[in-house]
$ cat work-v4.pdb   # PDB, C-alpha atoms, pLDDT in the B column
MODEL        1
ATOM      1  CA  MET A   1      52.764 193.493 145.492  1.00 73.00           C
ATOM      2  CA  PRO A   2      54.675 192.180 147.545  1.00 91.00           C
ATOM      3  CA  SER A   3      52.654 189.141 148.472  1.00 92.00           C
ATOM      4  CA  ILE A   4      54.191 187.511 151.528  1.00 96.00           C
ATOM      5  CA  THR A   5      53.361 184.167 153.109  1.00 96.00           C
ATOM      6  CA  LEU A   6      54.783 182.706 156.293  1.00 95.00           C
ATOM      7  CA  TYR A   7      54.345 178.950 156.589  1.00 95.00           C
ATOM      8  CA  THR A   8      54.746 177.496 160.081  1.00 94.00           C
ATOM      9  CA  SER A   9      54.385 174.103 161.682  1.00 94.00           C
ATOM     10  CA  ALA A  10      51.722 173.914 164.392  1.00 92.00           C
ATOM     11  CA  SER A  11      54.391 173.964 167.093  1.00 91.00           C
ATOM     12  CA  HIS A  12      55.768 177.284 165.788  1.00 92.00           C
ATOM     13  CA  ARG A  13      52.493 178.989 164.983  1.00 91.00           C
ATOM     14  CA  LEU A  14      52.242 182.613 166.089  1.00 91.00           C
ATOM     15  CA  ASP A  15      49.342 183.542 168.341  1.00 91.00           C
ATOM     16  CA  ALA A  16      47.075 186.374 167.191  1.00 92.00           C
ATOM     17  CA  ASP A  17      48.931 189.134 169.060  1.00 94.00           C
ATOM     18  CA  SER A  18      52.358 187.913 167.904  1.00 92.00           C
ATOM     19  CA  PHE A  19      51.129 187.652 164.318  1.00 92.00           C
ATOM     20  CA  ALA A  20      49.748 191.200 164.472  1.00 95.00           C
ATOM     21  CA  GLU A  21      53.130 192.476 165.729  1.00 95.00           C
ATOM     22  CA  PHE A  22      54.965 190.408 163.105  1.00 95.00           C
ATOM     23  CA  SER A  23      52.717 191.688 160.302  1.00 96.00           C
ATOM     24  CA  THR A  24      53.129 195.297 161.362  1.00 96.00           C
ATOM     25  CA  ALA A  25      56.929 194.978 161.551  1.00 97.00           C
ATOM     26  CA  LEU A  26      57.065 193.105 158.244  1.00 97.00           C
ATOM     27  CA  ALA A  27      54.897 195.677 156.461  1.00 97.00           C
ATOM     28  CA  LEU A  28      57.211 198.383 157.765  1.00 97.00           C
ATOM     29  CA  LEU A  29      60.244 196.510 156.361  1.00 97.00           C
ATOM     30  CA  ALA A  30      58.491 196.175 152.999  1.00 97.00           C
ATOM     31  CA  LYS A  31      57.705 199.887 152.926  1.00 97.00           C
ATOM     32  CA  GLU A  32      61.114 201.062 154.103  1.00 97.00           C
ATOM     33  CA  ILE A  33      63.415 198.631 152.308  1.00 97.00           C
ATOM     34  CA  LEU A  34      61.429 197.489 149.256  1.00 96.00           C
ATOM     35  CA  LYS A  35      59.650 200.853 148.836  1.00 96.00           C
ATOM     36  CA  ALA A  36      56.343 199.000 148.619  1.00 96.00           C
ATOM     37  CA  LYS A  37      53.134 200.990 148.733  1.00 94.00           C
ATOM     38  CA  GLU A  38      51.081 200.108 151.811  1.00 94.00           C
ATOM     39  CA  ASN A  39      47.963 199.266 149.808  1.00 93.00           C
ATOM     40  CA  ASN A  40      49.982 196.756 147.724  1.00 92.00           C
ATOM     41  CA  ILE A  41      51.355 194.703 150.619  1.00 96.00           C
ATOM     42  CA  HIS A  42      49.649 191.396 151.382  1.00 96.00           C
ATOM     43  CA  ILE A  43      50.800 189.295 154.351  1.00 96.00           C
ATOM     44  CA  SER A  44      49.383 185.928 155.371  1.00 95.00           C
ATOM     45  CA  VAL A  45      50.379 183.079 157.636  1.00 93.00           C
ATOM     46  CA  LEU A  46      49.569 179.447 157.023  1.00 93.00           C
ATOM     47  CA  THR A  47      49.946 176.627 159.493  1.00 93.00           C
ATOM     48  CA  ALA A  48      51.161 173.620 157.549  1.00 90.00           C
ATOM     49  CA  GLU A  49      52.145 170.028 158.055  1.00 91.00           C
ATOM     50  CA  ILE A  50      55.877 170.199 157.436  1.00 88.00           C
ATOM     51  CA  GLY A  51      56.955 166.788 156.162  1.00 89.00           C
ATOM     52  CA  PHE A  52      60.588 167.727 155.673  1.00 91.00           C
ATOM     53  CA  GLY A  53      62.613 170.894 156.149  1.00 89.00           C
ATOM     54  CA  THR A  54      62.533 173.802 158.535  1.00 92.00           C
ATOM     55  CA  PRO A  55      59.437 174.398 160.690  1.00 94.00           C
ATOM     56  CA  VAL A  56      59.178 177.980 159.395  1.00 95.00           C
ATOM     57  CA  TYR A  57      59.302 178.974 155.718  1.00 94.00           C
ATOM     58  CA  PHE A  58      58.981 182.535 154.388  1.00 96.00           C
ATOM     59  CA  GLU A  59      58.096 183.341 150.805  1.00 96.00           C
ATOM     60  CA  ALA A  60      57.789 186.777 149.224  1.00 96.00           C
ATOM     61  CA  ARG A  61      56.666 187.396 145.659  1.00 94.00           C
ATOM     62  CA  LEU A  62      57.231 190.880 144.375  1.00 93.00           C
ATOM     63  CA  ARG A  63      57.402 193.024 141.297  1.00 91.00           C
ATOM     64  CA  GLN A  64      60.855 193.769 139.894  1.00 90.00           C
ATOM     65  CA  GLU A  65      61.755 197.414 140.174  1.00 91.00           C
ATOM     66  CA  VAL A  66      65.003 199.175 139.259  1.00 93.00           C
ATOM     67  CA  PHE A  67      65.430 200.225 142.889  1.00 94.00           C
ATOM     68  CA  ARG A  68      65.046 196.631 144.171  1.00 94.00           C
ATOM     69  CA  THR A  69      68.657 195.717 143.607  1.00 94.00           C
ATOM     70  CA  VAL A  70      70.450 192.617 144.851  1.00 94.00           C
ATOM     71  CA  SER A  71      71.745 194.542 147.858  1.00 96.00           C
ATOM     72  CA  VAL A  72      68.235 195.821 148.662  1.00 96.00           C
ATOM     73  CA  LEU A  73      66.767 192.316 148.503  1.00 96.00           C
ATOM     74  CA  ASN A  74      69.635 190.955 150.596  1.00 96.00           C
ATOM     75  CA  GLU A  75      68.989 193.608 153.240  1.00 97.00           C
ATOM     76  CA  PHE A  76      65.271 192.810 153.216  1.00 96.00           C
ATOM     77  CA  MET A  77      65.968 189.085 153.670  1.00 96.00           C
ATOM     78  CA  HIS A  78      68.462 189.831 156.451  1.00 97.00           C
ATOM     79  CA  GLN A  79      65.928 191.955 158.325  1.00 97.00           C
ATOM     80  CA  VAL A  80      63.195 189.338 157.764  1.00 97.00           C
ATOM     81  CA  ASP A  81      65.549 186.691 159.157  1.00 97.00           C
ATOM     82  CA  LEU A  82      66.107 188.752 162.316  1.00 97.00           C
ATOM     83  CA  LEU A  83      62.371 189.354 162.702  1.00 96.00           C
ATOM     84  CA  ILE A  84      61.467 185.686 162.313  1.00 95.00           C
ATOM     85  CA  LYS A  85      64.173 184.628 164.790  1.00 95.00           C
ATOM     86  CA  GLU A  86      62.853 187.194 167.261  1.00 94.00           C
ATOM     87  CA  LYS A  87      59.229 186.073 166.909  1.00 92.00           C
ATOM     88  CA  THR A  88      59.672 182.289 166.539  1.00 92.00           C
ATOM     89  CA  GLY A  89      63.151 181.447 167.764  1.00 92.00           C
ATOM     90  CA  VAL A  90      63.773 179.599 164.487  1.00 92.00           C
ATOM     91  CA  THR A  91      66.118 180.171 161.574  1.00 95.00           C
ATOM     92  CA  ALA A  92      63.605 180.080 158.730  1.00 95.00           C
ATOM     93  CA  ARG A  93      64.080 179.235 155.101  1.00 95.00           C
ATOM     94  CA  ILE A  94      63.555 182.546 153.300  1.00 96.00           C
ATOM     95  CA  ARG A  95      62.834 182.925 149.597  1.00 95.00           C
ATOM     96  CA  CYS A  96      62.072 186.019 147.519  1.00 94.00           C
ATOM     97  CA  PHE A  97      60.809 185.763 143.958  1.00 92.00           C
ATOM     98  CA  SER A  98      60.941 188.857 141.781  1.00 88.00           C
ATOM     99  CA  PHE A  99      58.795 189.098 138.642  1.00 81.00           C
ATOM    100  CA  ASP A 100      58.906 191.476 135.711  1.00 80.00           C
ATOM    101  CA  ALA A 101      55.682 193.491 135.538  1.00 72.00           C
ATOM    102  CA  SER A 102      54.917 192.070 132.083  1.00 71.00           C
ATOM    103  CA  ASN A 103      54.710 188.601 133.672  1.00 69.00           C
ATOM    104  CA  ILE A 104      52.185 189.589 136.342  1.00 71.00           C
ATOM    105  CA  TYR A 105      48.478 189.365 135.670  1.00 67.00           C
ATOM    106  CA  ALA A 106      46.275 190.578 138.492  1.00 71.00           C
ATOM    107  CA  LYS A 107      42.874 191.904 139.347  1.00 68.00           C
ATOM    108  CA  ASN A 108      41.914 194.074 142.332  1.00 68.00           C
TER
ENDMDL
END
$ encode --input "work-v4.pdb" --output "structure tokens"
Amino acid sequence: MPSITLYTSASHRLDADSFAEFSTALALLAKEILKAKENNIHISVLTAEIGFGTPVYFEARLRQEVFRTVSVLNEFMHQVDLLIKEKTGVTARIRCFSFDASNIYAKN
């Protein structure tokens, strides 16, 4: 964990090269700011029909850790915001959901 998904409308979809750059930069943010282990980071992009709201939506689900304080998560969201604006030109809706380890059930 973290598991990160970027939802974009078709008109804001990243091409393969841009998505590769975005993923690399995002993984670096997760490692540096969230202290995530590289083998625990999962990043995906989904092109979606956006019926209402912003054309780009970012969602991160991550494990609560004592070092992932409010200020750390705020910094992560700020840096994600800058990255998304750089890559898409859009101010995205950004959401982070933090879960206690006892509430996470996973395999692999």
$ resolve_selection --input "work-v4.pdb" --expression "the PyMOL selection byres ((chain A and resi 66) around 12)" --output "JSON, numbers by chain"
{"A": [34, 35, 63, 64, 65, 67, 68, 69, 70, 71, 72, 73, 98, 99, 100, 101]}
$ resolve_selection --input "work-v4.pdb" --expression "the PyMOL selection byres ((chain A and resi 43) around 9)" --output "list in words"
Pro2, Ser3, Ile4, Thr5, Leu6, Ser23, Leu26, Ala27, Ile41, His42, Ser44 and Val45 of chain A
$ residues_around --input "work-v4.pdb" --residues "Leu46 (chain A)" --least-positions-apart "6" --cutoff "12 Å" --atoms "only C-alpha atoms" --output "list in words"
Ile4, Thr5, Leu6, Tyr7, Thr8, Ser9, Ala10, His12, Arg13, Leu14, Phe19, Pro55, Val56, Tyr57, Phe58 and Glu59 of chain A
$ closest_residue --input "work-v4.pdb" --among "A:Phe22, A:Ser11, A:Met1, A:Ile50" --to "Lys87 (chain A)" --atoms "only C-alpha atoms"
A:Phe22
$ closest_residue --input "work-v4.pdb" --among "A:Ser102, A:Ala48, A:Cys96, A:Arg61" --to "His78 (chain A)" --atoms "only C-alpha atoms"
A:Cys96
$ closest_residue --input "work-v4.pdb" --among "A:Ala36, A:Leu82, A:Leu29, A:Val90" --to "Leu62 (chain A)" --atoms "only C-alpha atoms"
A:Ala36
$ atom_distance --input "work-v4.pdb" --atom1 "CA of Glu75 (chain A)" --atom2 "CA of Glu49 (chain A)"
29.4 Å
$ atom_distance --input "work-v4.pdb" --atom1 "CA of Gly53 (chain A)" --atom2 "CA of Thr24 (chain A)"
26.7 Å
$ atom_distance --input "work-v4.pdb" --atom1 "CA of Phe76 (chain A)" --atom2 "CA of Arg93 (chain A)"
13.8 Å
$ closest_residue --input "work-v4.pdb" --among "A:Glu38, A:Lys31, A:Ile94, A:Ala60" --to "Asp81 (chain A)" --atoms "only C-alpha atoms"
A:Ile94
